Structure formats: structure tokens, C-alpha cells
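The next block is final03.txt, given as compact mmCIF, C-alpha atoms.
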# COMPACT_ATOMS: atom_id res chain seq x y z
CA MET F 1 84.13 114.24 130.17
CA SER F 2 84.88 110.65 131.04
CA LYS F 3 83.04 108.93 133.86
CA PRO F 4 84.47 109.18 137.40
CA ILE F 5 86.63 106.22 138.41
CA ILE F 6 86.53 104.43 141.78
CA ALA F 7 89.51 102.14 142.46
CA ILE F 8 89.15 99.42 145.12
CA VAL F 9 92.54 98.69 146.68
CA GLY F 10 93.83 96.80 149.70
CA ARG F 11 95.78 93.77 150.83
CA PRO F 12 95.16 90.40 149.13
CA ASN F 13 92.05 88.49 150.13
CA VAL F 14 90.19 91.28 151.96
CA GLY F 15 87.18 90.91 149.63
CA LYS F 16 87.86 93.50 146.92
CA SER F 17 86.51 91.34 144.09
CA MET F 18 83.41 90.41 146.09
CA LEU F 19 82.68 94.10 146.71
CA PHE F 20 83.36 94.89 143.04
CA ASN F 21 80.85 92.23 141.93
CA LYS F 22 78.26 93.41 144.46
CA ILE F 23 78.42 97.02 143.25
CA THR F 24 78.50 96.23 139.52
CA GLY F 25 75.86 93.52 139.87
CA LYS F 26 77.84 91.17 137.64
CA ARG F 27 80.35 88.42 138.18
CA LEU F 28 83.09 90.21 136.27
CA SER F 29 85.84 89.55 138.79
CA ILE F 30 86.81 86.04 139.83
CA VAL F 31 86.01 85.48 143.50
CA GLU F 32 87.92 82.67 145.13
CA ASP F 33 89.28 82.09 148.63
CA THR F 34 92.85 82.16 147.31
CA PRO F 35 95.07 85.22 147.74
CA GLY F 36 96.22 86.76 144.48
CA VAL F 37 93.36 85.57 142.27
CA THR F 38 92.74 89.04 140.80
CA ARG F 39 96.02 89.95 139.18
CA ASP F 40 95.13 92.73 136.76
CA ARG F 41 92.93 95.80 136.89
CA ILE F 42 89.34 94.75 136.14
CA TYR F 43 86.94 97.45 134.97
CA GLY F 44 83.17 97.55 135.39
CA GLU F 45 80.40 100.11 134.96
CA SER F 46 77.78 101.01 137.54
CA ASP F 47 75.70 103.98 138.74
CA TRP F 48 74.57 105.52 142.01
CA CYS F 49 72.07 108.32 142.59
CA GLY F 50 71.91 108.94 138.85
CA ARG F 51 75.70 109.23 138.43
CA LYS F 52 77.44 106.67 136.23
CA PHE F 53 80.97 105.66 137.15
CA THR F 54 83.70 103.16 136.35
CA LEU F 55 84.79 100.75 139.07
CA ILE F 56 88.26 99.18 139.10
CA ASP F 57 89.06 95.99 140.99
CA THR F 58 92.79 95.63 141.60
CA GLY F 59 95.12 92.85 142.64
CA GLY F 60 96.00 92.89 146.33
CA ILE F 61 98.85 95.18 147.36
CA GLU F 62 101.57 93.31 149.24
CA PRO F 63 104.00 96.10 150.23
CA ARG F 64 106.96 93.81 150.82
CA SER F 65 107.23 90.71 148.68
CA ASP F 66 109.88 88.97 146.60
CA SER F 67 107.21 87.25 144.48
CA GLN F 68 107.30 88.31 140.83
CA ILE F 69 103.51 88.05 140.52
CA LEU F 70 102.86 90.02 143.73
CA ASN F 71 105.22 92.75 142.52
CA PHE F 72 103.30 92.87 139.23
CA MET F 73 100.04 93.13 141.16
CA ARG F 74 101.35 96.05 143.19
CA GLN F 75 102.39 97.86 140.01
CA GLN F 76 98.93 97.34 138.51
CA ALA F 77 97.27 98.68 141.66
CA GLU F 78 99.53 101.76 141.55
CA ILE F 79 98.44 102.48 137.96
CA ALA F 80 94.79 102.14 139.02
CA ILE F 81 95.40 104.58 141.91
CA GLU F 82 97.00 107.05 139.50
CA ASN F 83 93.93 106.98 137.21
CA ALA F 84 91.28 107.00 139.97
CA THR F 85 88.96 109.86 140.91
CA VAL F 86 88.52 108.39 144.38
CA ILE F 87 90.09 105.38 146.11
CA VAL F 88 88.23 102.88 148.29
CA PHE F 89 90.75 101.39 150.72
CA LEU F 90 89.28 98.06 151.84
CA CYS F 91 90.38 96.38 155.08
CA ASP F 92 89.27 93.15 156.77
CA ILE F 93 87.70 93.11 160.26
CA ARG F 94 88.62 89.43 160.69
CA THR F 95 92.37 90.03 160.44
CA GLY F 96 92.14 93.41 162.12
CA LEU F 97 94.49 96.30 161.46
CA THR F 98 97.83 94.96 160.20
CA ALA F 99 101.23 96.49 159.52
CA ALA F 100 100.60 95.90 155.79
CA ASP F 101 97.38 97.96 156.04
CA GLN F 102 99.37 100.84 157.54
CA GLU F 103 101.96 100.65 154.75
CA VAL F 104 99.23 100.63 152.07
CA ALA F 105 97.54 103.60 153.79
CA SER F 106 100.83 105.53 153.71
CA MET F 107 101.20 104.78 149.99
CA LEU F 108 97.64 105.98 149.31
CA LEU F 109 98.15 109.19 151.28
CA ARG F 110 101.23 109.97 149.18
CA SER F 111 99.08 109.71 146.03
CA GLY F 112 97.14 112.80 147.09
CA LYS F 113 93.86 111.23 145.90
CA PRO F 114 90.62 111.26 147.96
CA ILE F 115 90.40 108.08 150.06
CA VAL F 116 87.32 106.39 151.50
CA LEU F 117 88.17 103.80 154.16
CA ALA F 118 85.93 100.71 154.28
CA VAL F 119 86.10 97.76 156.66
CA ASN F 120 84.76 94.58 155.08
CA LYS F 121 83.21 91.38 156.46
CA MET F 122 81.06 93.29 158.95
CA ASP F 123 78.34 90.77 158.26
CA SER F 124 76.32 91.33 161.46
CA THR F 125 74.13 94.41 161.88
CA GLY F 126 73.77 96.28 165.13
CA ILE F 127 76.64 97.08 167.50
CA PRO F 128 79.96 97.08 165.59
CA ASP F 129 82.79 94.73 166.48
CA PRO F 130 85.09 96.54 168.96
CA ASP F 131 88.03 95.91 166.59
CA PHE F 132 86.28 98.20 164.09
CA TYR F 133 87.44 101.29 165.94
CA GLU F 134 91.14 100.49 165.67
CA PHE F 135 90.96 101.41 161.96
CA TYR F 136 90.73 105.09 163.03
CA ASN F 137 94.46 104.74 163.69
CA LEU F 138 95.08 104.82 159.94
CA GLY F 139 94.30 108.55 159.92
CA LEU F 140 91.92 108.27 156.96
CA GLY F 141 88.79 109.58 158.68
CA ASP F 142 85.68 107.65 159.65
CA PRO F 143 85.74 104.03 158.43
CA ILE F 144 82.58 102.67 156.79
CA ALA F 145 81.40 99.20 157.82
CA VAL F 146 80.50 97.07 154.79
CA SER F 147 79.64 93.47 154.00
CA ALA F 148 80.53 92.59 150.42
CA VAL F 149 78.69 89.28 150.81
CA HIS F 150 75.37 90.73 151.98
CA GLY F 151 75.66 94.26 150.58
CA HIS F 152 75.38 96.01 153.95
CA GLY F 153 76.95 99.46 153.93
CA THR F 154 77.57 99.66 150.19
CA GLY F 155 75.10 102.56 149.89
CA ASP F 156 76.95 104.53 152.57
CA LEU F 157 80.23 103.72 150.83
CA LEU F 158 79.01 105.00 147.46
CA ASP F 159 77.52 108.11 149.11
CA ALA F 160 80.97 108.85 150.53
CA CYS F 161 82.58 108.35 147.10
CA LEU F 162 79.97 110.51 145.37
CA GLN F 163 81.04 113.66 147.20
CA TYR F 164 84.43 113.47 145.44
CA PHE F 165 82.97 113.18 141.92
CA PRO F 166 83.48 116.23 139.71
CA PRO F 167 80.38 118.25 138.66
CA GLU F 168 78.17 116.26 136.35
CA GLU F 169 78.43 117.09 132.67
CA ASP F 170 77.08 115.48 129.55
CA GLU F 171 79.11 112.33 129.12
CA GLU F 172 79.55 110.85 125.69
CA GLU F 173 78.78 107.19 125.43
CA GLU F 174 81.30 105.30 123.36
CA ASP F 175 78.80 102.91 121.84
CA ASP F 176 80.45 103.31 118.45
CA ALA F 177 83.68 101.73 119.67
CA ILE F 178 84.57 98.40 118.04
CA LYS F 179 84.89 95.68 120.69
CA VAL F 180 87.90 93.49 119.95
CA ALA F 181 88.46 90.22 121.87
CA VAL F 182 92.07 89.03 121.89
CA ILE F 183 91.89 85.26 122.24
CA GLY F 184 94.22 82.29 122.03
CA LYS F 185 95.99 79.62 124.01
CA PRO F 186 98.12 80.61 127.03
CA ASN F 187 101.37 82.49 126.40
CA ALA F 188 100.58 83.31 122.75
CA GLY F 189 101.27 87.01 123.37
CA LYS F 190 97.77 88.38 123.94
CA SER F 191 98.69 90.69 126.82
CA SER F 192 101.88 91.82 125.06
CA LEU F 193 99.83 92.90 122.05
CA VAL F 194 97.35 94.87 124.17
CA ASN F 195 100.21 96.55 126.04
CA LYS F 196 101.98 97.44 122.80
CA ILE F 197 98.80 99.05 121.46
CA LEU F 198 98.05 100.95 124.67
CA GLY F 199 101.63 101.96 125.32
CA GLU F 200 101.44 101.12 129.02
CA GLU F 201 101.70 98.13 131.30
CA ARG F 202 97.93 97.66 131.24
CA VAL F 203 98.05 93.89 131.51
CA ILE F 204 100.58 91.75 133.32
CA VAL F 205 103.09 90.21 130.90
CA SER F 206 105.05 87.25 132.18
CA ASN F 207 106.46 84.03 130.81
CA ILE F 208 104.44 82.25 133.50
CA ALA F 209 101.56 80.69 131.55
CA GLY F 210 98.13 81.67 132.82
CA THR F 211 99.13 85.06 134.23
CA THR F 212 95.97 86.70 132.85
CA ARG F 213 92.93 85.04 134.37
CA ASP F 214 90.19 87.59 133.77
CA ALA F 215 88.88 89.25 130.62
CA ILE F 216 90.01 92.87 130.77
CA ASP F 217 88.61 95.84 128.81
CA SER F 218 90.85 98.66 127.61
CA ARG F 219 89.59 101.63 125.60
CA PHE F 220 91.78 103.03 122.84
CA GLU F 221 91.28 105.68 120.19
CA ASN F 222 93.40 106.69 117.19
CA SER F 223 92.90 108.08 113.69
CA LYS F 224 91.30 104.77 112.61
CA GLY F 225 88.50 104.94 115.19
CA LYS F 226 87.48 103.95 118.72
CA PHE F 227 88.24 100.48 120.04
CA VAL F 228 87.71 98.43 123.18
CA PHE F 229 90.35 95.70 123.48
CA ILE F 230 89.34 92.73 125.62
CA ASP F 231 92.39 90.76 126.73
CA THR F 232 91.24 87.28 127.73
CA ALA F 233 92.70 84.48 129.76
CA GLY F 234 94.39 81.86 127.62
CA MET F 235 92.05 78.93 127.03
CA ARG F 236 93.36 75.49 127.88
CA LYS F 237 91.86 72.12 127.06
CA LYS F 238 89.03 71.24 129.41
CA SER F 239 90.94 68.20 130.68
CA ARG F 240 93.56 70.61 132.04
CA VAL F 241 91.04 72.90 133.67
CA GLU F 242 91.22 71.48 137.16
CA GLU F 243 91.02 74.49 139.45
CA ASP F 244 87.77 76.46 139.76
CA ILE F 245 89.78 79.59 138.95
CA GLU F 246 90.80 78.18 135.55
CA ARG F 247 87.22 77.13 134.81
CA TYR F 248 85.97 80.65 135.46
CA SER F 249 88.71 82.00 133.18
CA VAL F 250 87.58 79.84 130.25
CA LEU F 251 83.99 80.92 130.87
CA ARG F 252 85.05 84.57 131.00
CA ALA F 253 86.97 84.26 127.71
CA THR F 254 83.91 82.67 126.09
CA MET F 255 81.75 85.53 127.38
CA ALA F 256 84.31 88.02 125.99
CA ILE F 257 83.91 86.44 122.54
CA ASP F 258 80.13 86.74 122.83
CA ARG F 259 80.21 90.48 123.52
CA SER F 260 82.92 91.28 120.97
CA ASP F 261 82.52 92.56 117.41
CA VAL F 262 85.87 91.26 116.17
CA CYS F 263 88.10 88.44 117.46
CA LEU F 264 91.87 88.48 117.09
CA ILE F 265 92.96 84.84 117.15
CA MET F 266 96.55 84.79 118.37
CA ILE F 267 98.79 82.04 116.96
CA ASP F 268 102.34 81.48 118.23
CA ALA F 269 104.56 81.49 115.13
CA THR F 270 107.20 79.39 116.89
CA GLU F 271 104.67 76.57 117.48
CA GLY F 272 102.39 76.84 114.46
CA VAL F 273 98.71 75.89 114.58
CA THR F 274 98.05 73.51 117.47
CA GLU F 275 94.97 71.50 118.33
CA GLN F 276 94.16 74.04 121.04
CA ASP F 277 94.35 76.87 118.50
CA THR F 278 91.70 75.15 116.37
CA LYS F 279 89.40 74.85 119.38
CA VAL F 280 89.85 78.47 120.44
CA ALA F 281 89.24 79.68 116.87
CA GLY F 282 86.22 77.39 116.65
CA LEU F 283 84.55 79.22 119.54
CA ALA F 284 84.79 82.52 117.65
CA HIS F 285 83.67 80.92 114.38
CA GLU F 286 80.65 79.24 115.99
CA ALA F 287 79.73 82.53 117.65
CA GLY F 288 79.60 84.12 114.18
CA LYS F 289 82.25 86.72 114.91
CA ALA F 290 84.37 88.60 112.40
CA CYS F 291 87.88 87.19 112.83
CA ILE F 292 91.49 88.05 112.10
CA ILE F 293 94.19 85.40 112.47
CA VAL F 294 97.19 87.09 114.09
CA VAL F 295 100.43 85.11 113.83
CA ASN F 296 102.55 86.53 116.66
CA LYS F 297 106.28 86.24 117.52
CA TRP F 298 107.17 86.54 113.84
CA ASP F 299 110.47 88.12 114.89
CA LEU F 300 111.56 84.79 116.43
CA VAL F 301 111.12 82.77 113.21
CA GLU F 302 114.09 82.13 110.93
CA LYS F 303 112.99 83.16 107.47
CA ASP F 304 113.75 82.57 103.84
CA GLY F 305 111.85 83.77 100.76
CA LYS F 306 109.03 81.24 101.25
CA THR F 307 108.57 81.25 105.05
CA MET F 308 105.45 83.42 105.10
CA ASP F 309 103.85 81.44 102.27
CA ARG F 310 104.51 78.16 104.08
CA MET F 311 103.09 79.49 107.36
CA THR F 312 100.03 80.88 105.56
CA GLU F 313 99.39 77.47 104.02
CA GLU F 314 99.83 75.78 107.41
CA VAL F 315 97.35 78.18 109.03
CA ARG F 316 94.84 77.69 106.21
CA GLN F 317 95.07 73.91 106.59
CA GLY F 318 94.84 73.99 110.39
CA LEU F 319 91.91 76.43 110.39
CA ALA F 320 90.25 75.24 107.18
CA TYR F 321 86.78 76.23 108.40
CA MET F 322 87.94 79.88 108.65
CA SER F 323 89.10 80.41 105.08
CA TYR F 324 87.38 83.83 105.16
CA ALA F 325 89.61 85.21 107.94
CA PRO F 326 92.56 87.41 106.88
CA ILE F 327 96.01 86.50 108.23
CA ILE F 328 98.54 89.03 109.51
CA PHE F 329 102.08 88.34 110.76
CA ILE F 330 103.17 90.54 113.66
CA SER F 331 105.54 90.87 116.58
CA ALA F 332 103.86 92.26 119.69
CA LEU F 333 107.31 92.62 121.23
CA THR F 334 108.85 94.81 118.52
CA GLY F 335 105.60 96.31 117.20
CA GLN F 336 106.13 94.90 113.68
CA ARG F 337 102.89 95.41 111.63
CA VAL F 338 100.83 96.10 114.80
CA ASP F 339 99.72 99.42 113.28
CA LYS F 340 98.28 97.55 110.27
CA LEU F 341 95.92 95.67 112.59
CA PHE F 342 93.61 98.67 112.94
CA ASP F 343 92.79 98.85 109.22
CA LEU F 344 91.98 95.14 109.27
CA ILE F 345 89.83 95.44 112.41
CA VAL F 346 87.79 98.29 110.93
CA ALA F 347 87.45 96.44 107.59
CA VAL F 348 86.20 93.13 109.01
CA SER F 349 83.90 94.93 111.46
CA ASN F 350 82.33 96.83 108.56
CA GLN F 351 81.98 93.61 106.58
CA ALA F 352 80.24 91.85 109.47
CA SER F 353 77.72 94.70 109.84
CA MET F 354 77.14 95.24 106.11
CA ARG F 355 73.54 95.47 104.91
CA ILE F 356 72.84 94.63 101.27
CA THR F 357 69.63 95.51 99.47
CA THR F 358 67.42 92.70 98.18
CA GLY F 359 67.81 94.08 94.66
CA MET F 360 71.60 93.87 94.72
CA LEU F 361 71.48 90.38 96.23
CA ASN F 362 69.20 89.08 93.53
CA THR F 363 71.33 90.58 90.79
CA VAL F 364 74.28 88.57 92.15
CA LEU F 365 72.05 85.50 92.55
CA SER F 366 70.83 85.70 88.95
CA ASP F 367 74.37 86.08 87.63
CA ALA F 368 75.55 83.13 89.74
CA GLN F 369 72.77 80.88 88.39
CA THR F 370 73.60 81.90 84.83
CA ARG F 371 77.22 80.84 85.28
CA VAL F 372 76.47 77.63 87.19
CA GLN F 373 73.06 76.04 86.82
CA PRO F 374 71.32 74.88 90.04
CA PRO F 375 71.59 71.12 90.61
CA THR F 376 69.03 68.51 89.61
CA ASP F 377 68.03 65.29 91.32
CA LYS F 378 66.05 62.49 89.60
CA GLY F 379 65.03 64.83 86.82
CA ARG F 380 63.84 67.58 89.18
CA ARG F 381 65.75 70.86 89.08
CA LEU F 382 66.27 73.22 91.99
CA LYS F 383 64.53 76.54 91.38
CA ILE F 384 65.74 79.54 93.37
CA TYR F 385 63.19 82.35 93.55
CA TYR F 386 64.93 85.11 95.48
CA MET F 387 67.30 85.99 98.32
CA THR F 388 67.04 88.56 101.12
CA GLN F 389 69.16 89.61 104.10
CA VAL F 390 67.64 89.19 107.56
CA GLY F 391 70.52 89.93 109.93
CA ILE F 392 74.04 91.23 110.52
CA ARG F 393 77.02 90.25 112.70
CA PRO F 394 77.31 87.90 110.92
CA PRO F 395 75.46 88.65 107.66
CA HIS F 396 72.47 86.30 107.48
CA PHE F 397 70.75 85.60 104.17
CA VAL F 398 67.60 83.60 103.44
CA ILE F 399 67.16 81.94 100.04
CA PHE F 400 63.69 80.84 98.91
CA CYS F 401 63.45 77.85 96.58
CA ASN F 402 61.04 75.18 95.37
CA ASP F 403 62.55 72.27 97.34
CA ALA F 404 65.16 72.62 100.09
CA ARG F 405 66.18 68.97 99.63
CA LEU F 406 67.55 69.79 96.18
CA PHE F 407 69.81 72.51 97.58
CA HIS F 408 73.09 70.59 97.78
CA PHE F 409 75.75 71.78 100.19
CA SER F 410 78.19 72.31 97.33
CA TYR F 411 75.83 74.79 95.66
CA GLN F 412 75.35 76.64 98.95
CA ARG F 413 79.11 76.95 99.19
CA TYR F 414 79.24 78.21 95.60
CA LEU F 415 76.65 80.93 96.31
CA GLU F 416 78.46 81.89 99.53
CA ASN F 417 81.68 82.37 97.56
CA CYS F 418 79.79 84.50 95.00
CA LEU F 419 78.48 86.72 97.79
CA ARG F 420 81.94 87.07 99.32
CA SER F 421 83.44 87.99 95.98
CA ALA F 422 80.71 90.47 95.02
CA PHE F 423 80.53 92.33 98.35
CA ASN F 424 84.06 91.75 99.70
CA LEU F 425 82.82 89.74 102.69
CA THR F 426 86.26 88.31 103.44
CA GLY F 427 86.50 88.74 107.21
CA THR F 428 83.22 87.41 108.51
CA PRO F 429 81.25 84.15 108.58
CA ILE F 430 78.08 84.06 106.48
CA ILE F 431 74.83 82.31 107.39
CA LEU F 432 72.69 80.96 104.54
CA SER F 433 69.22 79.71 105.47
CA ILE F 434 67.21 77.77 102.89
CA ARG F 435 63.42 78.09 102.81
CA GLN F 436 60.86 76.46 100.56
CA LYS F 437 58.39 78.98 99.22
CA LYS F 438 55.54 77.02 100.75
CA ASP F 439 57.16 77.29 104.21
CA LYS F 440 54.94 79.27 106.56
CA GLU F 441 57.80 80.12 108.92
CA GLU F 442 58.48 83.77 109.44
CA VAL F 443 61.81 84.94 108.17
Here is a file; write its structure as C-alpha cells.
Amino acid sequence: MSKPIIAIVGRPNVGKSMLFNKITGKRLSIVEDTPGVTRDRIYGESDWCGRKFTLIDTGGIEPRSDSQILNFMRQQAEIAIENATVIVFLCDIRTGLTAADQEVASMLLRSGKPIVLAVNKMDSTGIPDPDFYEFYNLGLGDPIAVSAVHGHGTGDLLDACLQYFPPEEDEEEEDDAIKVAVIGKPNAGKSSLVNKILGEERVIVSNIAGTTRDAIDSRFENSKGKFVFIDTAGMRKKSRVEEDIERYSVLRATMAIDRSDVCLIMIDATEGVTEQDTKVAGLAHEAGKACIIVVNKWDLVEKDGKTMDRMTEEVRQGLAYMSYAPIIFISALTGQRVDKLFDLIVAVSNQASMRITTGMLNTVLSDAQTRVQPPTDKGRRLKIYYMTQVGIRPPHFVIFCNDARLFHFSYQRYLENCLRSAFNLTGTPIILSIRQKKDKEEV
């Protein structure tokens, strides 16, 4: 069975993200003294008394609002409530019981889910604030005093949630799922793609740039395999990152790349490859991730018989350092070719984790040297003794030779191309390390 799910809900700015971070022990949710910072459902894993569970941080519920973003946030919170095993309804002692709290409580009661009422910002221990008792008026049972900042009361809160967990069974870990980071500049269609794949409004989609600020994980399984899609905040140039919130978002997207197996680099077909696209793609390339270049909004481009060829050439020129990455043209809006993404994701993930025996490597190396002789310098010829693989994700090869100074960059590139051709390593970077046989360094 899947792990139990605890959803933290409440009005904006009552401290939901702070409590989420305290329980998970990680800074997964952005915490900022600005209402509406958490806009989507953020998932994290934690455990209590030997039981593992999933924690969801939601955007604040504003029952009555004309704001498009606040309406989106309410919808996201409702989806989290629908999926939850138990709901933590978080209130704020500093603002006291409000009419909005009562409306949210009514909405939660209609869901029929178990509810644990928590009152946050009870930072002092000892005799509770007299205003604490007014929260009994919500009709949700005994409130639990917590301090998300200091951690007071979180044990009692989790004890209360634990009683609603279903009986413990063996839970399968989904370690074999391929982690896919969806990255790109703002408004390139990242969230639209994730939503199209999942078939639900998992991530807020809006033409307001910067709507997604956190990196969000979504599990998905089909006939091709198990996947975790990480929708990231669009990455702007650092000069435009003025607010702390935006800075955290760039950091979170970078962290998402680091923990991914495959990166989907989203390019807006109506704009082509921009300077910001090259920087975003560069982060994935430098991190050594398997990459797929996804040209989105293909349905909006006027086409003739050569349009795709011209765009392919433009992408190859703009991202020249990623010549290994396959290119696919899709429309996240209409679903055009989205199904073909899964075959590509599985293929490049397998390429990045491929292990090749030393014998096979040296057969390719010998053949390559027969076709193109190693270079010479001042009458001294480069001698290559053997090659071995020392790592994966990305594949890392070490070549031993007589003199590393003779190993020209052009010959390294030639051998890299031979390896790609022989073992179909088309979707992943390759690392070649050169060692002189007299080197005492450990490989």
C-alpha cells in the first residue's frame, strides 16, 4: 500500500510551510513572511514512531477571493484534501479565530476526512494563551498547541495523526522510479507538460510568469515504467532575481537537477533558443545529467516542409555543447508527441547508467586507434595502453597513456564520438579522464 498522507491546510500565512519544514527536517517549502508564497502542493517524506508518511504543504485557503492566484491555491488545497489520509488544520494564535477559519473548517468537515486541529505560534511554554480556548468553537475537538519555529507540540500533533493511519503493511519503495526534472525559463510550459502527463491539475498553470516557485514531485506509472516528475520554478537571470523568494526558487530548481536522473529542457518554440535557455541547459550539462531537449508549443508555429529541420539546426547551434541530447517537438497543450517522451526518458536514463566491460571498451579503443593514429608532438607519439569505466550517471571512463600532454583535445573528442557510436550513448554526457601510467593516483 502507499504511505499515509498528511495534508497541512489553513489560511495564508499561518505557518504551514514552517511546520512542513520542521516535520520533514528539510527546507523543501519556501518560508517567507509574504502571504501566498506556497502556491502548489509540496510533497515531503518523513516518519514518526516507525511509520513513514507523506506530508503535503498546501497554498493558503482564502474562501472568498477574486484573485486568480488565490483561487488556484484553493483548488490545489482541495485536491490535497481529497488525497489525504488525515488533515492538519493549522490556525494562528496571533490573529485568533477568524471568520475565514470557520469557513475553512466547514469545508474540511464536508470532506469527511479525519481532521486534527493545531494552533500555531504558541511559542511560549507553560500556561496557554487565553485565546487558545476559543478554537474549541470550531467543533473539531481538542486543539493542539504547536510552535513551528521551535518545534513545540509537533510530537503531540503527529501522535494525533498516527491514530488515523491505516494498519501498517509492507510498503514498496519506489526506488526504481526514474526521476525527471522539468527545467527551463519561466512560461516555457513546464507545468502544462506535467499536468498533461498526470491528467490532473497537479501544478498551477497560468500565463502569469513565475507561477510555480517550488520544485514539486509527482509520481507517475505507465507501461513504460515508474517516473517521478519534478516540476521546477522557471529560472531567470540572476540580475532579475531580486526578491528572496525568487532566489530560493532558483536554488530549488538547481537542487532538483542534482537529484534527478534525466532533465527535460523545455524550449519555447515561438521564441527559439534564448540566452537564458543556454544557461538553464548548462546547469544540467555541468551536473552530468542525461538530457532531452523538449521544444514545446509546436502547435503555435506556422510550418512548411523545412520548419522542423530549421528549428533543429537552431537548437543545435544554440546548445552546441549538448550535441548528444535528443530533440523532440511537442505540444503540452494538445498532447502532441507527449507519449513519445517516455521512450526517450527510459532510453537516455539507461544510457546514463550503462556499464561497459573493460574488454569491450578496449576492443573499441583498438579499432579507433587503427582507423585514426594517436597524435604526435616533436617526434613523440601518444601511446594509449587501455581504458576502463569507473562511474555511471554520467558514464566516466579513464584512459591510461604514456604522456597526458600528448593527448590533444581533438583526439579525446574523436574517442568520445567512437564510444557514443559503439554503445549508443546519445543522451548523456561522457567524462573522459586521462592518466599517465606512472601516475600513482587511485582511479
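The residue set within 12 Å of Ser124 (chain F), counting only C-alpha atoms and dropping same-chain residues fewer than 3 places from it, reads F:Ile93, F:Asn120, F:Lys121, F:Ile127, F:Pro128, F:Asp129, F:Ala145, F:Val146, F:Ser147, F:Ala148, F:Val149, F:His150, F:Gly151, F:His152, F:Gly153.
With all atoms listed in the file as the atoms that count, the residue of F:Glu103, F:Asp403, F:Asp367, F:Glu82 with the shortest distance to Leu382 (chain F) is F:Asp403.
Using all atoms listed in the file, the shortest contact distance between Ala332 (chain F) and any of F:Ile87, F:Met107, F:Val294, F:Leu283 is found at F:Val294.
Closest approach to Val301 (chain F) from the set F:Ile56, F:Cys401, F:Ile330, F:Leu138 is made by F:Ile330, with distances taken over only C-alpha atoms.
In this model, the gap between CA of Phe132 (chain F) and CA of Phe165 (chain F) comes to 27.0 Å.
Between CA of Asp101 (chain F) and CA of Leu157 (chain F) the interatomic distance comes to 18.8 Å.
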Quick one: residues within 9 Å of Ile257 (chain F), all atoms listed in the file, excluding same-chain residues fewer than 4 positions away - as a PyMOL selection string?
chain F and resi 180-183+230+252-253+261-263+283-284+287+289
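Distances from F:Ile265, F:Met122, F:Leu158, F:Phe135 to Ile23 (chain F) were compared using only C-alpha atoms, and the smallest one belongs to F:Leu158.
From CA of Ile292 (chain F) back to CA of Val273 (chain F), the distance works out to 14.4 Å.
Using all atoms listed in the file, the nearest neighbour of Val348 (chain F) within the list F:Cys91, F:Ile79, F:Ala290, F:Ile115 is F:Ala290.
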Leaving out Asn296 (chain F) and any residue of its chain fewer than 5 positions from it, which residues lie within 7 Å of it when counting all atoms listed in the file, given as a VMD selection string?
chain F and resid 189 266 to 269 329 to 332
Is it possible to get the residues within 9 Å of (83.9, 92.7, 109.0) (coordinates as in the file, counting only C-alpha atoms) written as a PyMOL selection string?
chain F and resi 261-262+289-291+344-354+393-394+425-429
Set up a box along x, y and z of the file covering all listed atoms of region 135-154 of chain F, add 3 Å on every one of the six sides, and write the centre and edge lengths in Å to one decimal, as lines of an AutoDock Vina configuration file.
center_x = 85.2
center_y = 99.4
center_z = 156.9
size_x = 25.7
size_y = 26.3
size_z = 19.5
Could you give me, as number ranges by chain, the residues that have an atom at most 12 Å away from the point (80.1, 83.2, 97.9) in the coordinates of the file, using only C-alpha atoms?
F: 323-324, 361, 364-365, 368, 397, 410-426, 428-432
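Proximity to Cys49 (chain F) at 10 Å, evaluated using all atoms listed in the file and with sequence-adjacent residues fewer than 3 positions away removed, yields Lys52, Gly155, Leu158, Asp159 and Leu162 of chain F.
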What lies within 8 Å of Asn362 (chain F) using all atoms listed in the file, ignoring chain neighbours under 2 positions off, as an NGL selection string?
:F and (358-360 or 364-366 or 386-388)
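Nearest residue to Thr85 (chain F) among F:Val116, F:Val315, F:Ala105, F:Ala100 is F:Val116, counting only C-alpha atoms.
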Serialized region 13-17 of chain F w/ all heavy atoms as a compact mmCIF listing (two decimals), in the first residue's frame:
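Heads up, here's the output in result15.txt:
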# COMPACT_ATOMS: atom_id res chain seq x y z
N ASN F 13 -0.44 32.31 5.39
CA ASN F 13 0.47 32.92 6.36
C ASN F 13 0.22 32.52 7.82
O ASN F 13 0.53 33.28 8.72
CB ASN F 13 0.44 34.45 6.25
CG ASN F 13 1.81 35.07 6.47
OD1 ASN F 13 2.82 34.46 6.14
ND2 ASN F 13 1.84 36.26 7.01
N VAL F 14 -0.30 31.30 8.04
CA VAL F 14 -0.44 30.83 9.42
C VAL F 14 0.75 29.97 9.84
O VAL F 14 0.82 29.53 10.99
CB VAL F 14 -1.76 30.03 9.61
CG1 VAL F 14 -2.96 30.91 9.39
CG2 VAL F 14 -1.80 28.80 8.71
N GLY F 15 1.68 29.71 8.90
CA GLY F 15 2.89 28.96 9.24
C GLY F 15 2.90 27.53 8.75
O GLY F 15 3.64 26.69 9.27
N LYS F 16 2.12 27.25 7.71
CA LYS F 16 2.05 25.87 7.19
C LYS F 16 3.41 25.39 6.67
O LYS F 16 3.84 24.27 6.97
CB LYS F 16 1.00 25.79 6.07
CG LYS F 16 -0.42 26.09 6.54
CD LYS F 16 -1.43 25.94 5.42
CE LYS F 16 -1.22 26.93 4.30
NZ LYS F 16 -1.33 28.33 4.72
N SER F 17 4.08 26.23 5.88
CA SER F 17 5.36 25.83 5.31
C SER F 17 6.43 25.66 6.38
O SER F 17 7.28 24.76 6.29
CB SER F 17 5.82 26.85 4.26
OG SER F 17 4.92 26.88 3.17
